[in-house]
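Student: As input, take protein-v7.txt (compact mmCIF, C-alpha atoms):
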```txt
# COMPACT_ATOMS: atom_id res chain seq x y z
CA MET A 1 -22.41 -0.85 14.77
CA ASP A 2 -19.26 1.23 14.48
CA SER A 3 -17.32 -0.68 17.14
CA THR A 4 -18.49 -4.15 16.12
CA LEU A 5 -18.16 -3.89 12.35
CA GLY A 6 -15.49 -1.26 11.72
CA LEU A 7 -12.46 -3.55 11.67
CA GLU A 8 -14.27 -6.35 9.88
CA ILE A 9 -15.45 -4.22 6.97
CA ILE A 10 -11.87 -3.06 6.49
CA GLU A 11 -10.88 -6.69 6.10
CA VAL A 12 -13.73 -7.19 3.61
CA VAL A 13 -12.41 -4.50 1.25
CA GLU A 14 -8.78 -5.54 1.82
CA LYS A 15 -9.52 -9.12 0.75
CA ALA A 16 -11.30 -7.89 -2.37
CA ALA A 17 -8.47 -5.48 -3.23
CA ILE A 18 -5.77 -8.14 -2.88
CA ALA A 19 -7.68 -10.64 -5.01
CA SER A 20 -8.30 -8.11 -7.77
CA ALA A 21 -4.77 -6.68 -7.69
CA LYS A 22 -3.37 -10.06 -8.70
CA TRP A 23 -4.97 -9.42 -12.09
CA MET A 24 -3.65 -5.87 -12.46
CA GLY A 25 -2.37 -5.17 -15.95
CA LYS A 26 -3.47 -8.49 -17.43
CA GLY A 27 -6.23 -7.02 -19.57
CA GLU A 28 -8.97 -9.16 -18.01
CA LYS A 29 -11.43 -6.80 -16.34
CA ASN A 30 -14.14 -9.41 -15.83
CA THR A 31 -11.76 -11.72 -14.01
CA ALA A 32 -10.45 -8.85 -11.87
CA ASP A 33 -14.04 -8.10 -10.86
CA HIS A 34 -15.05 -11.73 -10.35
CA VAL A 35 -12.25 -12.58 -7.94
CA ALA A 36 -12.93 -9.38 -5.97
CA VAL A 37 -16.60 -10.37 -5.65
CA GLU A 38 -15.71 -13.86 -4.45
CA ALA A 39 -13.20 -12.59 -1.88
CA MET A 40 -15.55 -9.89 -0.59
CA ARG A 41 -18.45 -12.30 -0.22
CA GLU A 42 -16.36 -14.97 1.51
CA ARG A 43 -15.12 -12.54 4.18
CA MET A 44 -18.53 -10.89 4.53
CA ASN A 45 -20.14 -14.25 5.32
CA GLN A 46 -17.87 -14.60 8.35
CA ILE A 47 -19.28 -11.47 10.01
CA HIS A 48 -21.86 -11.82 12.77
CA MET A 49 -24.62 -9.86 11.08
CA ARG A 50 -27.80 -10.21 9.06
CA GLY A 51 -26.82 -8.33 5.94
CA ARG A 52 -28.74 -7.59 2.78
CA ILE A 53 -27.22 -6.33 -0.47
CA VAL A 54 -29.14 -3.26 -1.65
CA ILE A 55 -26.55 -2.19 -4.22
CA GLY A 56 -24.41 -4.91 -5.72
CA GLU A 57 -23.37 -6.53 -8.94
CA GLY A 58 -26.32 -5.23 -10.91
CA GLU A 59 -30.07 -5.58 -11.27
CA ARG A 60 -29.98 -6.87 -14.81
CA ASP A 61 -26.97 -9.13 -15.20
CA GLU A 62 -28.20 -11.93 -12.91
CA ALA A 63 -24.93 -11.95 -11.00
CA PRO A 64 -24.41 -15.17 -9.02
CA MET A 65 -22.91 -13.39 -5.99
CA LEU A 66 -23.46 -10.10 -4.18
CA TYR A 67 -26.58 -9.55 -6.26
CA ILE A 68 -29.25 -7.12 -5.13
CA GLY A 69 -31.35 -8.73 -2.42
CA GLU A 70 -28.78 -11.39 -1.49
CA GLU A 71 -28.47 -12.11 2.22
CA VAL A 72 -24.93 -12.18 3.61
CA GLY A 73 -23.30 -12.70 6.98
CA ILE A 74 -22.81 -15.58 9.37
CA CYS A 75 -26.58 -16.06 9.52
CA THR A 76 -26.58 -17.44 5.96
CA ARG A 77 -24.67 -20.56 7.03
CA GLU A 78 -26.65 -23.73 7.56
CA ASP A 79 -24.98 -24.16 10.94
CA ALA A 80 -25.46 -20.52 11.96
CA HIS A 81 -27.13 -21.55 15.22
CA SER A 82 -23.83 -23.11 16.28
CA TYR A 83 -22.21 -19.68 16.25
CA CYS A 84 -24.97 -17.30 17.25
CA ASN A 85 -28.65 -16.60 17.53
CA PRO A 86 -29.49 -15.10 14.13
CA GLU A 87 -32.53 -13.35 15.57
CA GLU A 88 -30.28 -11.29 17.83
CA LEU A 89 -27.93 -10.14 15.06
CA ILE A 90 -28.07 -6.59 13.75
CA GLU A 91 -29.82 -6.15 10.39
CA ILE A 92 -27.89 -3.98 7.98
CA ASP A 93 -28.12 -2.85 4.38
CA ILE A 94 -24.96 -3.03 2.30
CA ALA A 95 -23.87 -1.27 -0.90
CA VAL A 96 -20.82 -2.78 -2.57
CA ASP A 97 -18.54 -2.26 -5.52
CA PRO A 98 -15.87 -4.94 -5.11
CA CYS A 99 -13.80 -3.54 -7.99
CA GLU A 100 -14.62 0.06 -8.74
CA GLY A 101 -12.78 0.73 -11.97
CA THR A 102 -12.40 -2.70 -13.55
CA ASN A 103 -10.78 -1.19 -16.65
CA LEU A 104 -8.29 0.63 -14.43
CA VAL A 105 -7.19 -2.69 -12.95
CA ALA A 106 -7.13 -4.49 -16.29
CA TYR A 107 -4.87 -1.90 -17.88
CA GLY A 108 -2.74 -1.07 -14.84
CA GLN A 109 -4.08 2.46 -14.41
CA ASN A 110 -4.46 4.47 -11.21
CA GLY A 111 -7.60 4.95 -9.14
CA SER A 112 -9.27 1.56 -8.69
CA MET A 113 -10.66 0.62 -5.26
CA ALA A 114 -12.72 -2.01 -3.48
CA VAL A 115 -15.51 -0.12 -1.72
CA LEU A 116 -18.61 -0.66 0.39
CA ALA A 117 -21.04 1.28 2.54
CA ILE A 118 -23.29 -0.06 5.28
CA SER A 119 -26.11 1.24 7.43
CA GLU A 120 -28.93 -0.18 9.48
CA LYS A 121 -31.84 -1.71 7.59
CA GLY A 122 -33.47 0.92 5.37
CA GLY A 123 -30.53 3.32 5.74
CA LEU A 124 -29.31 3.27 2.13
CA PHE A 125 -31.21 4.29 -0.99
CA ALA A 126 -31.76 1.28 -3.25
CA ALA A 127 -30.75 3.02 -6.46
CA PRO A 128 -31.85 1.44 -9.74
CA ASP A 129 -29.21 0.40 -12.23
CA PHE A 130 -29.49 3.76 -13.99
CA TYR A 131 -27.22 6.75 -14.34
CA MET A 132 -27.05 9.75 -12.05
CA LYS A 133 -26.10 13.38 -12.48
CA LYS A 134 -23.71 14.17 -9.62
CA LEU A 135 -22.21 17.14 -7.86
CA ALA A 136 -19.63 16.70 -5.10
CA ALA A 137 -17.77 19.48 -3.33
CA PRO A 138 -15.85 20.16 -0.08
CA PRO A 139 -17.64 20.59 3.28
CA VAL A 140 -17.14 24.36 3.19
CA ALA A 141 -19.35 24.53 0.08
CA LYS A 142 -22.09 22.28 1.42
CA GLY A 143 -25.49 23.83 0.85
CA HIS A 144 -24.03 26.63 -1.26
CA VAL A 145 -23.31 24.94 -4.58
CA ASP A 146 -26.35 23.37 -6.22
CA ILE A 147 -26.77 20.77 -8.95
CA ASN A 148 -29.50 22.88 -10.57
CA LYS A 149 -27.07 25.75 -11.13
CA SER A 150 -24.72 25.92 -14.09
CA ALA A 151 -21.12 24.82 -13.79
CA THR A 152 -20.07 28.45 -14.15
CA GLU A 153 -22.26 29.53 -11.24
CA ASN A 154 -21.10 26.68 -9.02
CA LEU A 155 -17.46 27.42 -9.73
CA LYS A 156 -17.95 31.04 -8.67
CA ILE A 157 -19.71 29.90 -5.49
CA LEU A 158 -17.01 27.33 -4.79
CA SER A 159 -14.35 29.97 -5.38
CA ASP A 160 -15.96 32.23 -2.79
CA CYS A 161 -16.45 29.42 -0.26
CA MET A 162 -12.85 28.24 -0.53
CA ASN A 163 -11.31 31.70 -0.83
CA ARG A 164 -9.57 30.64 -4.03
CA SER A 165 -9.68 31.96 -7.54
CA VAL A 166 -11.63 29.92 -10.08
CA GLU A 167 -8.34 29.33 -11.89
CA GLU A 168 -7.06 27.43 -8.84
CA LEU A 169 -9.96 24.97 -8.85
CA VAL A 170 -9.75 21.44 -10.27
CA VAL A 171 -12.92 19.65 -11.37
CA VAL A 172 -13.05 15.93 -12.08
CA VAL A 173 -15.26 14.86 -15.00
CA MET A 174 -15.73 11.42 -16.56
CA ASP A 175 -14.26 11.37 -20.07
CA ARG A 176 -17.48 10.69 -21.98
CA PRO A 177 -19.09 12.22 -25.10
CA ARG A 178 -22.06 13.39 -22.99
CA HIS A 179 -19.76 15.74 -21.09
CA LYS A 180 -18.35 17.66 -24.04
CA GLU A 181 -20.37 20.82 -23.30
CA LEU A 182 -19.76 20.57 -19.55
CA ILE A 183 -16.00 20.29 -20.05
CA ASN A 184 -15.97 23.30 -22.37
CA GLU A 185 -17.98 25.36 -19.87
CA ILE A 186 -15.66 24.52 -16.98
CA ARG A 187 -12.62 25.48 -19.03
CA GLN A 188 -14.21 28.70 -20.27
CA ALA A 189 -15.01 29.61 -16.66
CA GLY A 190 -11.28 29.37 -15.95
CA ALA A 191 -11.10 26.18 -13.87
CA ARG A 192 -8.97 23.16 -14.68
CA VAL A 193 -10.43 19.79 -15.66
CA ARG A 194 -9.11 16.39 -14.66
CA LEU A 195 -10.60 13.78 -16.96
CA ILE A 196 -10.98 10.22 -15.66
CA SER A 197 -11.95 7.10 -17.57
CA ASP A 198 -13.56 5.37 -14.56
CA GLY A 199 -13.76 5.56 -10.78
CA ASP A 200 -15.88 8.55 -9.78
CA VAL A 201 -16.37 7.29 -6.19
CA SER A 202 -12.71 8.07 -5.57
CA ALA A 203 -13.13 11.49 -7.16
CA ALA A 204 -16.13 12.37 -4.98
CA LEU A 205 -14.29 11.20 -1.89
CA CYS A 206 -11.26 13.36 -2.69
CA CYS A 207 -13.42 16.48 -2.65
CA ALA A 208 -13.84 16.15 1.11
CA PHE A 209 -10.11 15.91 1.89
CA SER A 210 -7.85 18.95 1.95
CA GLY A 211 -4.68 18.52 -0.04
CA SER A 212 -6.14 16.18 -2.66
CA ASN A 213 -6.14 19.02 -5.24
CA ILE A 214 -9.63 17.95 -6.34
CA HIS A 215 -12.32 20.48 -5.55
CA ALA A 216 -15.43 19.21 -7.33
CA LEU A 217 -16.92 16.29 -9.21
CA MET A 218 -19.41 17.12 -11.93
CA GLY A 219 -21.26 15.13 -14.56
CA ILE A 220 -23.14 11.88 -15.06
CA GLY A 221 -22.02 8.49 -13.76
CA ALA A 222 -23.57 5.30 -12.48
CA ALA A 223 -26.34 5.70 -9.90
CA PRO A 224 -25.31 2.83 -7.58
CA GLU A 225 -21.83 4.34 -7.21
CA GLY A 226 -23.57 7.64 -6.48
CA VAL A 227 -25.15 6.15 -3.36
CA ILE A 228 -21.80 4.79 -2.18
CA SER A 229 -20.23 8.23 -2.76
CA ALA A 230 -23.09 9.86 -0.86
CA ALA A 231 -22.51 7.56 2.11
CA ALA A 232 -18.88 8.64 2.32
CA MET A 233 -19.72 12.33 1.89
CA ARG A 234 -22.47 12.07 4.51
CA CYS A 235 -19.86 10.83 7.00
CA LEU A 236 -17.32 13.50 6.00
CA GLY A 237 -19.75 16.41 5.92
CA GLY A 238 -19.06 17.06 2.26
CA HIS A 239 -21.54 18.23 -0.35
CA PHE A 240 -23.16 15.62 -2.55
CA GLN A 241 -26.25 15.77 -4.73
CA GLY A 242 -27.55 13.23 -7.21
CA GLN A 243 -30.38 13.18 -9.74
CA LEU A 244 -31.40 10.00 -11.55
CA ILE A 245 -31.03 10.01 -15.33
CA TYR A 246 -33.59 7.78 -17.03
CA ASP A 247 -33.39 9.02 -20.62
CA PRO A 248 -30.92 7.02 -22.79
CA ALA A 249 -30.57 10.03 -25.11
CA VAL A 250 -28.96 12.01 -22.27
CA VAL A 251 -26.44 9.33 -21.36
CA LYS A 252 -25.34 8.72 -24.99
CA THR A 253 -23.01 5.89 -23.99
CA GLY A 254 -23.66 2.82 -21.86
CA LEU A 255 -26.72 0.66 -21.26
CA ILE A 256 -29.68 2.31 -19.55
CA GLY A 257 -32.78 0.28 -20.36
CA GLU A 258 -34.71 0.02 -23.60
CA SER A 259 -36.46 3.39 -23.57
CA LYS A 260 -37.21 6.49 -21.53
CA GLU A 261 -40.81 5.35 -21.11
CA GLY A 262 -39.75 1.89 -19.95
CA ASN A 263 -37.34 3.36 -17.43
CA LEU A 264 -40.02 5.66 -16.03
CA ALA A 265 -42.28 2.64 -15.59
CA ARG A 266 -39.51 0.83 -13.70
CA LEU A 267 -39.07 3.78 -11.36
CA GLN A 268 -42.79 3.75 -10.64
CA GLU A 269 -42.58 0.05 -9.80
CA MET A 270 -39.78 0.81 -7.34
CA GLY A 271 -41.91 3.42 -5.61
CA ILE A 272 -40.01 6.41 -7.00
CA THR A 273 -42.85 8.80 -7.84
CA ASP A 274 -40.71 11.85 -8.60
CA PRO A 275 -38.14 10.71 -11.18
CA ASP A 276 -36.54 14.17 -11.36
CA LYS A 277 -36.00 14.57 -7.62
CA VAL A 278 -32.60 15.86 -6.53
CA TYR A 279 -31.27 13.80 -3.62
CA ASN A 280 -28.68 14.98 -1.13
CA ALA A 281 -26.24 12.82 0.81
CA GLU A 282 -28.52 12.62 3.84
CA GLU A 283 -31.33 11.22 1.69
CA LEU A 284 -29.20 8.71 -0.23
CA ALA A 285 -27.58 7.52 3.01
CA CYS A 286 -30.27 8.31 5.57
CA GLY A 287 -29.39 5.76 8.28
CA GLN A 288 -28.66 6.79 11.82
CA THR A 289 -25.23 5.18 11.49
CA VAL A 290 -23.33 4.97 8.21
CA LEU A 291 -19.97 3.32 7.63
CA PHE A 292 -17.85 3.54 4.49
CA ALA A 293 -14.75 1.51 3.71
CA ALA A 294 -12.37 1.43 0.74
CA SER A 295 -9.07 -0.24 -0.06
CA GLY A 296 -6.83 0.76 -2.94
CA ILE A 297 -6.36 -1.80 -5.70
CA THR A 298 -4.18 0.39 -7.90
CA PRO A 299 -2.51 3.61 -6.65
CA GLY A 300 -4.84 6.55 -6.11
CA THR A 301 -4.90 10.09 -4.75
CA LEU A 302 -5.85 9.09 -1.21
CA MET A 303 -4.55 5.52 -0.96
CA ASP A 304 -1.78 3.48 -2.47
CA GLY A 305 -2.63 0.28 -4.30
CA VAL A 306 -1.82 -3.27 -3.24
CA ARG A 307 1.92 -3.93 -3.11
CA PHE A 308 2.99 -7.57 -3.23
CA PHE A 309 6.25 -8.88 -1.84
CA HIS A 310 7.65 -12.31 -1.08
CA GLY A 311 5.32 -13.89 1.46
CA GLY A 312 2.63 -11.24 1.62
CA ALA A 313 1.13 -7.94 0.55
CA ARG A 314 0.62 -4.44 1.88
CA THR A 315 -2.63 -2.51 1.57
CA GLN A 316 -3.83 0.98 2.33
CA SER A 317 -7.46 1.38 3.33
CA LEU A 318 -9.88 3.99 4.61
CA VAL A 319 -12.84 3.59 6.94
CA ILE A 320 -15.18 6.49 7.66
CA SER A 321 -17.85 6.53 10.37
CA SER A 322 -20.76 8.88 10.91
CA GLN A 323 -21.03 7.61 14.49
CA SER A 324 -17.50 8.26 15.70
CA LYS A 325 -16.99 11.09 13.19
CA THR A 326 -13.63 9.69 12.14
CA ALA A 327 -11.80 8.91 8.93
CA ARG A 328 -9.10 6.32 9.60
CA PHE A 329 -6.37 5.46 7.11
CA VAL A 330 -5.16 1.93 7.74
CA ASP A 331 -1.83 0.53 6.52
CA THR A 332 -1.85 -3.28 6.74
CA VAL A 333 0.71 -6.00 6.08
CA HIS A 334 -0.90 -9.32 5.13
CA MET A 335 1.24 -12.38 5.78
CA PHE A 336 0.52 -15.21 3.34
CA ASP A 337 3.37 -17.58 4.14
CA ASN A 338 5.75 -18.22 7.01
CA PRO A 339 6.25 -14.86 8.82
CA LYS A 340 10.05 -15.32 8.78
CA ASN A 341 9.92 -14.82 5.00
CA ILE A 342 8.14 -11.46 5.26
CA GLN A 343 10.16 -8.43 4.16
CA LEU A 344 8.46 -5.18 5.22
CA ARG A 345 9.23 -2.85 2.36
```
Do you think you could lay out the structure here as structure tokens?
Tutor:
Amino acid sequence: MDSTLGLEIIEVVEKAAIASAKWMGKGEKNTADHVAVEAMRERMNQIHMRGRIVIGEGERDEAPMLYIGEEVGICTREDAHSYCNPEELIEIDIAVDPCEGTNLVAYGQNGSMAVLAISEKGGLFAAPDFYMKKLAAPPVAKGHVDINKSATENLKILSDCMNRSVEELVVVVMDRPRHKELINEIRQAGARVRLISDGDVSAALCCAFSGSNIHALMGIGAAPEGVISAAAMRCLGGHFQGQLIYDPAVVKTGLIGESKEGNLARLQEMGITDPDKVYNAEELACGQTVLFAASGITPGTLMDGVRFFHGGARTQSLVISSQSKTARFVDTVHMFDNPKNIQLR
């Protein structure tokens, strides 16, 4: 799966990033997301695969494209038999976020990406459209920090694992009212806090790369993005844990169902019998082979955003494979018009 799909999934996220970046700074987050979805789906349907969206544009919003359960790939075409034998194509599960950080794109802020994760059928946890308590940390701290411990305890453990003082550590937290106590605790412990408005997949990913100056992600964010983060951290050997949050009173902001009781009933219907279970990266992305790909829409810590020039655009992307144990940064020039008009800047 690595060799056959690696390059193509890079092109999937690149197409989505370019489409969304055209709406950067225009204040229209829904449009920035919509065009990314269209571009991602169009390129995905050219790939010789039998794909199924397990995490997509939402359970509840009745999205017309890349919705949960949608089939994608060349096999969805009416004339698929002209190109291949659909029965011989690999079956894969796909988690997508065509525009992670729609507000970031709309207001021209850093950190938005087009992202996806794939694995063989059954290899990705089909997370409900809930929230998730998350803890991400570098590979050296894997299995040492624990989501059930306090932030103070985890910072001390992380300090020991990384041979750094707590004061040298930087923790990313979503800037939400629900995190007021967490932020205060991190600061009182001596660590520094980097608040973000959106885009915690990028923050989790940064934890696994030396030199990013991000050492942990803590707090509550969207559950689907948690699975995508887990897929990347599984490939990179980083620490990731997630616990579903089903009580609206805990989240405080954002939609999370009508009631705690109703959400528990939904989890039962999905076959989740232990709603308080803590999942690690290997459980959220349990497939034998896992691939993760991302392309910067706006500039970020790991990747630059899309840069347009006369006749084309330049993207920076990242593809991570559990099979080849590689993380490849890809710098691509996309030629829209006559190549003689391209200026490589």
Student: How many Å lie between CA of Asn280 in chain A and CA of Ser321 in chain A, rounded to one decimal?
Tutor: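 Answer for the CA of Asn280 in chain A to CA of Ser321 in chain A separation: 17.9 Å.
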Student: As an exercise, work out the distance from CA of Arg194 in chain A to CA of Ala230 in chain A in Å and give it to one decimal place.
Tutor: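 Separation of CA of Arg194 in chain A and CA of Ala230 in chain A: 20.7 Å.
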Student: Find the residue from A:Ile118, A:Ala208, A:Ala36, A:Leu155 that sits nearest to Arg52 in chain A; use all atoms listed in the file when measuring.
Tutor: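 Among A:Ile118, A:Ala208, A:Ala36, A:Leu155, it is A:Ile118 that comes nearest to Arg52 in chain A.
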Student: Just the residues within 12 Å of range 250-253 of chain A, please, counting only C-alpha atoms, with nothing from its chain fewer than 6 positions along; format it as a PyMOL selection string.
Tutor: chain A and resi 130-133+174-180+219-222+244+259-260
Student: Sorted by chain and rising residue number, which residues of range 175-203 of chain A lie within 12 Å of range 231-240 of chain A, and what are their closest atom pairs and distances in Å to one decimal, counting only C-alpha atoms, as JSON lines?
Tutor:
```
{"residue": "A:Val201", "atom": "CA", "partner": "A:Ala232", "partner_atom": "CA", "distance": 9.0}
{"residue": "A:Ser202", "atom": "CA", "partner": "A:Ala232", "partner_atom": "CA", "distance": 10.0}
{"residue": "A:Ala203", "atom": "CA", "partner": "A:Met233", "partner_atom": "CA", "distance": 11.2}
```
Student: Please identify all polymer residues lying at most 12 Å from the point (-7.5, 30.9, -9.4) (file coordinates), using only C-alpha atoms, and present the result as a ChimeraX atom specification.
Tutor: /A:155-156,158-160,162-170,189-192
Student: Would you list the contacts of range 97-104 of chain A as number ranges by chain, taking every protein, DNA or RNA residue within 9 Å and counting all atoms listed in the file, but skipping same-chain residues closer than 5 positions in sequence?
Tutor: A: 13, 16-17, 20, 24-25, 27-30, 32-40, 55-57, 109-116, 197-202, 224-225, 228, 297-298
Student: Please produce a file of those selected residues containing C-alpha atoms, as a PDB file, in the coordinates of the input.
Tutor:
```pdb
ATOM      1  CA  VAL A  13     -12.410  -4.500   1.250  1.00  0.00           C
ATOM      2  CA  ALA A  16     -11.300  -7.890  -2.370  1.00  0.00           C
ATOM      3  CA  ALA A  17      -8.470  -5.480  -3.230  1.00  0.00           C
ATOM      4  CA  SER A  20      -8.300  -8.110  -7.770  1.00  0.00           C
ATOM      5  CA  MET A  24      -3.650  -5.870 -12.460  1.00  0.00           C
ATOM      6  CA  GLY A  25      -2.370  -5.170 -15.950  1.00  0.00           C
ATOM      7  CA  GLY A  27      -6.230  -7.020 -19.570  1.00  0.00           C
ATOM      8  CA  GLU A  28      -8.970  -9.160 -18.010  1.00  0.00           C
ATOM      9  CA  LYS A  29     -11.430  -6.800 -16.340  1.00  0.00           C
ATOM     10  CA  ASN A  30     -14.140  -9.410 -15.830  1.00  0.00           C
ATOM     11  CA  ALA A  32     -10.450  -8.850 -11.870  1.00  0.00           C
ATOM     12  CA  ASP A  33     -14.040  -8.100 -10.860  1.00  0.00           C
ATOM     13  CA  HIS A  34     -15.050 -11.730 -10.350  1.00  0.00           C
ATOM     14  CA  VAL A  35     -12.250 -12.580  -7.940  1.00  0.00           C
ATOM     15  CA  ALA A  36     -12.930  -9.380  -5.970  1.00  0.00           C
ATOM     16  CA  VAL A  37     -16.600 -10.370  -5.650  1.00  0.00           C
ATOM     17  CA  GLU A  38     -15.710 -13.860  -4.450  1.00  0.00           C
ATOM     18  CA  ALA A  39     -13.200 -12.590  -1.880  1.00  0.00           C
ATOM     19  CA  MET A  40     -15.550  -9.890  -0.590  1.00  0.00           C
ATOM     20  CA  ILE A  55     -26.550  -2.190  -4.220  1.00  0.00           C
ATOM     21  CA  GLY A  56     -24.410  -4.910  -5.720  1.00  0.00           C
ATOM     22  CA  GLU A  57     -23.370  -6.530  -8.940  1.00  0.00           C
ATOM     23  CA  GLN A 109      -4.080   2.460 -14.410  1.00  0.00           C
ATOM     24  CA  ASN A 110      -4.460   4.470 -11.210  1.00  0.00           C
ATOM     25  CA  GLY A 111      -7.600   4.950  -9.140  1.00  0.00           C
ATOM     26  CA  SER A 112      -9.270   1.560  -8.690  1.00  0.00           C
ATOM     27  CA  MET A 113     -10.660   0.620  -5.260  1.00  0.00           C
ATOM     28  CA  ALA A 114     -12.720  -2.010  -3.480  1.00  0.00           C
ATOM     29  CA  VAL A 115     -15.510  -0.120  -1.720  1.00  0.00           C
ATOM     30  CA  LEU A 116     -18.610  -0.660   0.390  1.00  0.00           C
ATOM     31  CA  SER A 197     -11.950   7.100 -17.570  1.00  0.00           C
ATOM     32  CA  ASP A 198     -13.560   5.370 -14.560  1.00  0.00           C
ATOM     33  CA  GLY A 199     -13.760   5.560 -10.780  1.00  0.00           C
ATOM     34  CA  ASP A 200     -15.880   8.550  -9.780  1.00  0.00           C
ATOM     35  CA  VAL A 201     -16.370   7.290  -6.190  1.00  0.00           C
ATOM     36  CA  SER A 202     -12.710   8.070  -5.570  1.00  0.00           C
ATOM     37  CA  PRO A 224     -25.310   2.830  -7.580  1.00  0.00           C
ATOM     38  CA  GLU A 225     -21.830   4.340  -7.210  1.00  0.00           C
ATOM     39  CA  ILE A 228     -21.800   4.790  -2.180  1.00  0.00           C
ATOM     40  CA  ILE A 297      -6.360  -1.800  -5.700  1.00  0.00           C
ATOM     41  CA  THR A 298      -4.180   0.390  -7.900  1.00  0.00           C
TER      42      THR A 298
END
```
